[in-house]
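Trainee: This is the structure I want to talk about, given as structure tokens.
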Amino acid sequence: MKKESIYAQVEAEILSVTDGEYNIIANMASVSCLLNLAFEDYFWVGFYIVDPVKENELVIGPYQGTLGCLRISFDRGVCGAAAKTGKTQIVEDVNAFPDHIACDSQTNSEIVVPVFNKKGELIAVLDVDSTKLSTFDETDKLWLEKIINKVFKK
């Protein structure tokens with residue numbers, strides 16, 4: 001099945017499950033689970049939440065996969081870059097990314113999407129890792145941003 005078709009199907013599933021649900025953690029858990037199940041190349045799927053106590057720091061949220069880093073500064077790694085810039089980061093080879101944080105050495109490529117609430121405030125980042133190089137592209141960016149916006153900006 002083509003990537004676009006998988007995204008269309010999983011988007012419908014995610015929107016159905018999260019319809020009427022406003023609890024952020026419940027929605028993050030559902031999104032992580034359904035994306036992880038939909039794509040065989042997704043090795044790790046989860047959220048890092050903006051810590052309300054520690055400024056410019058992310059803390060692990062709901063995820064599917066191996067153990068994640070517990071905390072990530074906005075000044076470190078791909079997740080930090082997405083949080084700091086507010087822009088999606090696509091990394092074809094994490095080993096070539098300056099200051100990459102190796103939470104799991106099996107990760108070779110990554111996409112990180114900033115998550116904003118309806119007020120436009122950064123609340124988290126969605127982190128998706130793959131063991132393969134160059135897994136993610138503009139198609140992933142388009143669909144993941146669309147799904148995240150529909151779920152978390154309501």
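Residue numbering restarts at 1 for every chain of the structure tokens, chains are lettered A, B, ... in their displayed order, and ligands are numbered from 1 as they appear.
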As a PyMOL selection string, list the residues of chain A assigned to strand (DSSP E) by DSSP on the backbone atoms of this structure.

Mentor: chain A and resi 44-50+57-64+71-73+89-91+109-116+122-130

Trainee: Enumerate, in order of chain and increasing residue number, the residues of segment 94-140 of chain A with an atom no farther than 7 Å from segment 44-65 of chain A, each with its shortest atom pair and distance in Å to one decimal, counting only C-alpha atoms, as CSV.

Mentor:
```
residue,atom,partner,partner_atom,distance
A:Ile123,CA,A:Val50,CA,5.3
A:Ala124,CA,A:Ile49,CA,4.1
A:Val125,CA,A:Tyr48,CA,5.4
A:Leu126,CA,A:Phe47,CA,4.6
A:Asp127,CA,A:Gly46,CA,5.4
A:Val128,CA,A:Val45,CA,4.5
A:Asp129,CA,A:Trp44,CA,5.0
A:Ser130,CA,A:Trp44,CA,6.8
```

Trainee: Now that the selection is made, can you save its residues with N, CA and C atoms as a PDB file, in the first residue's frame?

Mentor:
```pdb
ATOM      1  N   ILE A 123       3.123  22.744  22.819  1.00  0.00           N
ATOM      2  CA  ILE A 123       2.825  21.890  23.972  1.00  0.00           C
ATOM      3  C   ILE A 123       3.671  20.614  23.973  1.00  0.00           C
ATOM      4  N   ALA A 124       4.220  20.257  22.799  1.00  0.00           N
ATOM      5  CA  ALA A 124       4.977  19.006  22.695  1.00  0.00           C
ATOM      6  C   ALA A 124       5.630  18.925  21.327  1.00  0.00           C
ATOM      7  N   VAL A 125       6.358  17.838  21.125  1.00  0.00           N
ATOM      8  CA  VAL A 125       6.807  17.456  19.787  1.00  0.00           C
ATOM      9  C   VAL A 125       6.475  15.979  19.597  1.00  0.00           C
ATOM     10  N   LEU A 126       6.115  15.628  18.367  1.00  0.00           N
ATOM     11  CA  LEU A 126       5.925  14.229  17.992  1.00  0.00           C
ATOM     12  C   LEU A 126       7.226  13.771  17.363  1.00  0.00           C
ATOM     13  N   ASP A 127       7.794  12.708  17.898  1.00  0.00           N
ATOM     14  CA  ASP A 127       9.066  12.167  17.430  1.00  0.00           C
ATOM     15  C   ASP A 127       8.809  10.791  16.825  1.00  0.00           C
ATOM     16  N   VAL A 128       9.241  10.601  15.571  1.00  0.00           N
ATOM     17  CA  VAL A 128       9.105   9.313  14.912  1.00  0.00           C
ATOM     18  C   VAL A 128      10.488   8.909  14.396  1.00  0.00           C
ATOM     19  N   ASP A 129      10.940   7.721  14.802  1.00  0.00           N
ATOM     20  CA  ASP A 129      12.259   7.222  14.430  1.00  0.00           C
ATOM     21  C   ASP A 129      12.134   5.971  13.570  1.00  0.00           C
ATOM     22  N   SER A 130      13.168   5.742  12.748  1.00  0.00           N
ATOM     23  CA  SER A 130      13.258   4.544  11.928  1.00  0.00           C
ATOM     24  C   SER A 130      14.668   3.975  12.017  1.00  0.00           C
TER      25      SER A 130
END
```

Trainee: Which residues are near segment 131-146 of chain A? Cut-off 12 Å, only C-alpha atoms, ignore same chain within fewer than 2 positions. Put them as a PyMOL selection string.

Mentor: chain A and resi 2-12+14-15+31-32+35+39-45+65+86-96+104-116+125-129+148-153

Trainee: Provide the atom CA of Ala29 of chain A to atom CA of Pro98 of chain A distance in Å, to one decimal place.

Mentor: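 Separating atom CA of Ala29 of chain A from atom CA of Pro98 of chain A is a distance of 29.4 Å.
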
Trainee: Which of segment 1-43 of chain A counts as alpha helix (DSSP H) under DSSP, as an MDAnalysis selection string please?

Mentor: chainID A and resid 3:18 24:38
